[in-house]
Amino acid sequence: MMNFEWNTAMSATTVRTCSLKTEQSVWLNEFSDGWEHPFLIIDSEVRRLWDNLLQPAIMSASGLYIMEAREVLKNTFTLSRIWDSMSAAGIHRDTPVVVIGGGLVCDIGAMAASTYLRGLRLMLVPTTLLCMVDACLGGKTGVNLASAKNQVGTFNPAEKILIAPDFLDTLPNREFKSGIAEILKTALIGDRSILELLERMDIENPDKNSILKIILKCLEVKGGIVTEDLRETGKRMLLNLGHTIGHALESASEFRLSHGEAVGLGLLGEAAIAVNRGGNRDLPGEIRGMLKQAGLPTGVNDMVSGEKLSRLFKRDKKTRRNGRIWVLPFDWCDCRLTYLTPDQEEKALPFVMSLLRV
Ligand code: GLY
């Protein structure tokens, strides 16, 4: 068991780790000390796969909402159903909310917790690698609008995050690899030693100690950033590395590319723009090598055109009146917020496309 704490001007988040296999009682202990009888929001697949483990927590819960983790359900309609379910359960201001699932369920569950009765205490139990290394920390909540992802949300850091890497035992391989892309992103932003840990780990058969070390290192990097800039007025934008191109690729592929796969390609494309502006010329090759080693895609076919990507960039939340703020990796731990005008962006696009087409 390890504990970490991050304090921002708004709140404190405690991260605890636990093993589900050897410390069943520890897992149940997490539902004490003010976390008794929570309102539970659980990913339907996690509920199915971990029924025995979850049953005692469910039996003592004040209410339960089971949610399918599908992007089309991450909307205001589902949010409203969660509020209705909270209301039907008769929960109060002092009822804590515990969300157990991946990034999608944590995002919407945390949003319900931050808005119902103007805010309830929140514990997140991430069950995917992507959520463990990134989404669970930093308080972003959100739902999609028809036009784009995560357009409506709040900043509501969880009071407690419980990391139990045993949940990864039942995570599909493709989703595990999606999490690796976010780990690469974090290593590029703030800690190259994460990459060394990743290189030593057998990605097809990871051992729990190695993966836990990597998760905690990623959370340390992210924790340092969100402590300084919770509301993303500056430095936190660095955490969007790979995401401007990544989100556009995800949409352009009609979600055939997973979020992590698209972010991995985004790291590559954004490194191409950085090279064009004086960044380390070896970096795109190094990123490509890492993506390959992780079994992530290293290119896209011609169904994604430069024009389509360029149109999709407009949805990026870093878009400003006359241009966009990009996060460009000039080198390891040297990612820079760089404002590009539409003209500069247009000139950079062919470099991105030539790298992604290889
Ligand atoms: N996933 C990026 C952030 O939390 O800011």
# chains A, B, ... in the order shown; residues from 1 in each chain; ligands from 1

call {"tool": "residues_around", "arguments": {"residues": "Asp334 (chain A)", "least_positions_apart": "6", "cutoff": "9 Å", "atoms": "only C-alpha atoms", "output": "ChimeraX atom specification"}}
result
/A:188-190,328

call {"tool": "write_last_selection", "arguments": {"atoms": "N, CA, C and O atoms", "output": "PDB file, in the first residue's frame"}}
result
ATOM      1  N   LEU A 188       7.265  11.752 -22.325  1.00  0.00           N
ATOM      2  CA  LEU A 188       7.764  12.845 -23.171  1.00  0.00           C
ATOM      3  C   LEU A 188       7.629  14.199 -22.478  1.00  0.00           C
ATOM      4  O   LEU A 188       8.504  15.060 -22.592  1.00  0.00           O
ATOM      5  N   ILE A 189       6.531  14.370 -21.757  1.00  0.00           N
ATOM      6  CA  ILE A 189       6.311  15.669 -21.103  1.00  0.00           C
ATOM      7  C   ILE A 189       7.259  15.867 -19.920  1.00  0.00           C
ATOM      8  O   ILE A 189       7.847  16.927 -19.767  1.00  0.00           O
ATOM      9  N   GLY A 190       7.406  14.818 -19.108  1.00  0.00           N
ATOM     10  CA  GLY A 190       8.064  15.147 -17.844  1.00  0.00           C
ATOM     11  C   GLY A 190       8.992  14.141 -17.215  1.00  0.00           C
ATOM     12  O   GLY A 190       9.564  14.461 -16.166  1.00  0.00           O
ATOM     13  N   LEU A 328       3.996  21.228 -28.620  1.00  0.00           N
ATOM     14  CA  LEU A 328       4.972  20.618 -29.531  1.00  0.00           C
ATOM     15  C   LEU A 328       6.149  20.042 -28.747  1.00  0.00           C
ATOM     16  O   LEU A 328       6.777  20.743 -27.937  1.00  0.00           O
TER      17      LEU A 328
END

call {"tool": "residues_near_ligand", "arguments": {"ligand": "ligand 1", "cutoff": "7 Å", "atoms": "only C-alpha atoms and all ligand atoms", "output": "PyMOL selection string"}}
result
chain A and resi 134-135+137-138+140+236-237+239-240

call {"tool": "closest_residue", "arguments": {"among": "A:Val263, A:Ile225, A:Leu283, A:Ala113", "to": "His92 (chain A)", "atoms": "only C-alpha atoms"}}
result
A:Ala113

call {"tool": "select_by_dssp", "arguments": {"residues": "region 119-329 of chain A", "states": "helix (DSSP H, G or I)", "output": "ChimeraX atom specification"}}
result
/A:129-135,165-170,173-190,193-200,208-228,235-240,243-252,259-276,283-293,306-313

call {"tool": "closest_residue", "arguments": {"among": "A:Cys335, A:Leu356, A:Ala110, A:Cys136", "to": "Gly279 (chain A)", "atoms": "only C-alpha atoms"}}
result
A:Cys335

call {"tool": "residues_around", "arguments": {"residues": "Leu197 (chain A)", "least_positions_apart": "6", "cutoff": "9 Å", "atoms": "only C-alpha atoms", "output": "MDAnalysis selection string"}}
result
chainID A and resid 210:211 213:214

call {"tool": "write_last_selection", "arguments": {"atoms": "N, CA and C atoms", "output": "PDB file, in the first residue's frame"}}
result
ATOM      1  N   SER A 210       5.891  -3.745 -11.871  1.00  0.00           N
ATOM      2  CA  SER A 210       6.391  -2.812 -12.887  1.00  0.00           C
ATOM      3  C   SER A 210       5.291  -1.842 -13.301  1.00  0.00           C
ATOM      4  N   ILE A 211       4.098  -2.380 -13.519  1.00  0.00           N
ATOM      5  CA  ILE A 211       3.035  -1.493 -14.020  1.00  0.00           C
ATOM      6  C   ILE A 211       2.646  -0.480 -12.935  1.00  0.00           C
ATOM      7  N   LYS A 213       4.628   0.777 -10.665  1.00  0.00           N
ATOM      8  CA  LYS A 213       5.677   1.812 -10.625  1.00  0.00           C
ATOM      9  C   LYS A 213       5.429   2.847 -11.719  1.00  0.00           C
ATOM     10  N   ILE A 214       5.098   2.348 -12.920  1.00  0.00           N
ATOM     11  CA  ILE A 214       4.870   3.256 -14.051  1.00  0.00           C
ATOM     12  C   ILE A 214       3.650   4.140 -13.786  1.00  0.00           C
TER      13      ILE A 214
END

call {"tool": "closest_residue", "arguments": {"among": "A:Gly278, A:Trp6, A:Asn75, A:Arg70", "to": "Gly224 (chain A)", "atoms": "only C-alpha atoms"}}
result
A:Trp6

call {"tool": "decode", "arguments": {"residues": "region 94-128 of chain A", "atoms": "N, CA and C atoms", "output": "PDB file, in the first residue's frame"}}
result
ATOM      1  N   ASP A  94     -24.266  14.533   2.342  1.00  0.00           N
ATOM      2  CA  ASP A  94     -23.150  13.806   2.973  1.00  0.00           C
ATOM      3  C   ASP A  94     -22.991  12.382   2.417  1.00  0.00           C
ATOM      4  N   THR A  95     -23.699  12.060   1.325  1.00  0.00           N
ATOM      5  CA  THR A  95     -23.502  10.744   0.697  1.00  0.00           C
ATOM      6  C   THR A  95     -22.322  10.853  -0.275  1.00  0.00           C
ATOM      7  N   PRO A  96     -21.274  10.047  -0.087  1.00  0.00           N
ATOM      8  CA  PRO A  96     -20.168  10.117  -1.047  1.00  0.00           C
ATOM      9  C   PRO A  96     -20.514   9.348  -2.326  1.00  0.00           C
ATOM     10  N   VAL A  97     -19.846   9.718  -3.406  1.00  0.00           N
ATOM     11  CA  VAL A  97     -20.033   9.009  -4.676  1.00  0.00           C
ATOM     12  C   VAL A  97     -18.741   8.255  -4.969  1.00  0.00           C
ATOM     13  N   VAL A  98     -18.872   6.993  -5.353  1.00  0.00           N
ATOM     14  CA  VAL A  98     -17.708   6.198  -5.751  1.00  0.00           C
ATOM     15  C   VAL A  98     -17.933   5.713  -7.177  1.00  0.00           C
ATOM     16  N   VAL A  99     -17.009   6.059  -8.060  1.00  0.00           N
ATOM     17  CA  VAL A  99     -17.140   5.658  -9.463  1.00  0.00           C
ATOM     18  C   VAL A  99     -16.085   4.596  -9.765  1.00  0.00           C
ATOM     19  N   ILE A 100     -16.507   3.475 -10.338  1.00  0.00           N
ATOM     20  CA  ILE A 100     -15.587   2.373 -10.628  1.00  0.00           C
ATOM     21  C   ILE A 100     -15.669   2.082 -12.123  1.00  0.00           C
ATOM     22  N   GLY A 101     -14.612   2.421 -12.853  1.00  0.00           N
ATOM     23  CA  GLY A 101     -14.649   2.200 -14.301  1.00  0.00           C
ATOM     24  C   GLY A 101     -13.489   2.880 -14.993  1.00  0.00           C
ATOM     25  N   GLY A 102     -13.562   2.935 -16.313  1.00  0.00           N
ATOM     26  CA  GLY A 102     -12.524   3.583 -17.107  1.00  0.00           C
ATOM     27  C   GLY A 102     -12.798   5.072 -17.230  1.00  0.00           C
ATOM     28  N   GLY A 103     -12.041   5.738 -18.112  1.00  0.00           N
ATOM     29  CA  GLY A 103     -12.108   7.191 -18.225  1.00  0.00           C
ATOM     30  C   GLY A 103     -13.500   7.705 -18.536  1.00  0.00           C
ATOM     31  N   LEU A 104     -14.200   6.997 -19.418  1.00  0.00           N
ATOM     32  CA  LEU A 104     -15.518   7.476 -19.834  1.00  0.00           C
ATOM     33  C   LEU A 104     -16.497   7.495 -18.652  1.00  0.00           C
ATOM     34  N   VAL A 105     -16.547   6.392 -17.926  1.00  0.00           N
ATOM     35  CA  VAL A 105     -17.480   6.297 -16.790  1.00  0.00           C
ATOM     36  C   VAL A 105     -17.028   7.231 -15.664  1.00  0.00           C
ATOM     37  N   CYS A 106     -15.703   7.331 -15.456  1.00  0.00           N
ATOM     38  CA  CYS A 106     -15.219   8.249 -14.412  1.00  0.00           C
ATOM     39  C   CYS A 106     -15.549   9.694 -14.764  1.00  0.00           C
ATOM     40  N   ASP A 107     -15.401  10.058 -16.049  1.00  0.00           N
ATOM     41  CA  ASP A 107     -15.685  11.454 -16.450  1.00  0.00           C
ATOM     42  C   ASP A 107     -17.138  11.834 -16.157  1.00  0.00           C
ATOM     43  N   ILE A 108     -18.056  10.976 -16.591  1.00  0.00           N
ATOM     44  CA  ILE A 108     -19.485  11.335 -16.443  1.00  0.00           C
ATOM     45  C   ILE A 108     -19.930  11.147 -14.988  1.00  0.00           C
ATOM     46  N   GLY A 109     -19.406  10.105 -14.334  1.00  0.00           N
ATOM     47  CA  GLY A 109     -19.754   9.876 -12.925  1.00  0.00           C
ATOM     48  C   GLY A 109     -19.270  11.034 -12.067  1.00  0.00           C
ATOM     49  N   ALA A 110     -18.042  11.500 -12.353  1.00  0.00           N
ATOM     50  CA  ALA A 110     -17.489  12.618 -11.581  1.00  0.00           C
ATOM     51  C   ALA A 110     -18.296  13.884 -11.861  1.00  0.00           C
ATOM     52  N   MET A 111     -18.811  14.013 -13.075  1.00  0.00           N
ATOM     53  CA  MET A 111     -19.618  15.202 -13.378  1.00  0.00           C
ATOM     54  C   MET A 111     -20.938  15.157 -12.601  1.00  0.00           C
ATOM     55  N   ALA A 112     -21.544  13.960 -12.533  1.00  0.00           N
ATOM     56  CA  ALA A 112     -22.776  13.828 -11.740  1.00  0.00           C
ATOM     57  C   ALA A 112     -22.477  14.192 -10.284  1.00  0.00           C
ATOM     58  N   ALA A 113     -21.335  13.700  -9.775  1.00  0.00           N
ATOM     59  CA  ALA A 113     -20.986  13.988  -8.369  1.00  0.00           C
ATOM     60  C   ALA A 113     -20.717  15.468  -8.157  1.00  0.00           C
ATOM     61  N   SER A 114     -20.165  16.123  -9.154  1.00  0.00           N
ATOM     62  CA  SER A 114     -19.811  17.538  -8.948  1.00  0.00           C
ATOM     63  C   SER A 114     -21.011  18.456  -9.093  1.00  0.00           C
ATOM     64  N   THR A 115     -22.113  17.954  -9.638  1.00  0.00           N
ATOM     65  CA  THR A 115     -23.258  18.834  -9.879  1.00  0.00           C
ATOM     66  C   THR A 115     -24.475  18.494  -9.019  1.00  0.00           C
ATOM     67  N   TYR A 116     -24.668  17.209  -8.682  1.00  0.00           N
ATOM     68  CA  TYR A 116     -25.869  16.847  -7.903  1.00  0.00           C
ATOM     69  C   TYR A 116     -25.777  17.481  -6.515  1.00  0.00           C
ATOM     70  N   LEU A 117     -26.818  18.148  -6.114  1.00  0.00           N
ATOM     71  CA  LEU A 117     -26.834  18.901  -4.840  1.00  0.00           C
ATOM     72  C   LEU A 117     -25.634  19.846  -4.727  1.00  0.00           C
ATOM     73  N   ARG A 118     -25.196  20.339  -5.881  1.00  0.00           N
ATOM     74  CA  ARG A 118     -24.047  21.263  -6.016  1.00  0.00           C
ATOM     75  C   ARG A 118     -22.726  20.658  -5.544  1.00  0.00           C
ATOM     76  N   GLY A 119     -22.661  19.328  -5.542  1.00  0.00           N
ATOM     77  CA  GLY A 119     -21.351  18.730  -5.292  1.00  0.00           C
ATOM     78  C   GLY A 119     -21.307  17.766  -4.118  1.00  0.00           C
ATOM     79  N   LEU A 120     -20.903  16.537  -4.405  1.00  0.00           N
ATOM     80  CA  LEU A 120     -20.763  15.501  -3.381  1.00  0.00           C
ATOM     81  C   LEU A 120     -19.309  15.033  -3.349  1.00  0.00           C
ATOM     82  N   ARG A 121     -18.908  14.436  -2.243  1.00  0.00           N
ATOM     83  CA  ARG A 121     -17.529  13.910  -2.138  1.00  0.00           C
ATOM     84  C   ARG A 121     -17.358  12.786  -3.152  1.00  0.00           C
ATOM     85  N   LEU A 122     -16.134  12.675  -3.662  1.00  0.00           N
ATOM     86  CA  LEU A 122     -15.929  11.741  -4.782  1.00  0.00           C
ATOM     87  C   LEU A 122     -14.691  10.868  -4.587  1.00  0.00           C
ATOM     88  N   MET A 123     -14.892   9.560  -4.819  1.00  0.00           N
ATOM     89  CA  MET A 123     -13.754   8.638  -4.900  1.00  0.00           C
ATOM     90  C   MET A 123     -13.787   8.000  -6.289  1.00  0.00           C
ATOM     91  N   LEU A 124     -12.623   7.958  -6.953  1.00  0.00           N
ATOM     92  CA  LEU A 124     -12.551   7.297  -8.264  1.00  0.00           C
ATOM     93  C   LEU A 124     -11.731   6.013  -8.131  1.00  0.00           C
ATOM     94  N   VAL A 125     -12.249   4.947  -8.740  1.00  0.00           N
ATOM     95  CA  VAL A 125     -11.519   3.680  -8.779  1.00  0.00           C
ATOM     96  C   VAL A 125     -11.333   3.327 -10.263  1.00  0.00           C
ATOM     97  N   PRO A 126     -10.213   3.789 -10.862  1.00  0.00           N
ATOM     98  CA  PRO A 126     -10.020   3.554 -12.295  1.00  0.00           C
ATOM     99  C   PRO A 126      -9.752   2.076 -12.572  1.00  0.00           C
ATOM    100  N   THR A 127     -10.323   1.570 -13.659  1.00  0.00           N
ATOM    101  CA  THR A 127     -10.157   0.144 -13.970  1.00  0.00           C
ATOM    102  C   THR A 127      -9.432  -0.081 -15.302  1.00  0.00           C
ATOM    103  N   THR A 128      -9.103   1.006 -16.018  1.00  0.00           N
ATOM    104  CA  THR A 128      -8.319   0.857 -17.255  1.00  0.00           C
ATOM    105  C   THR A 128      -6.955   1.513 -17.034  1.00  0.00           C
TER     106      THR A 128
END
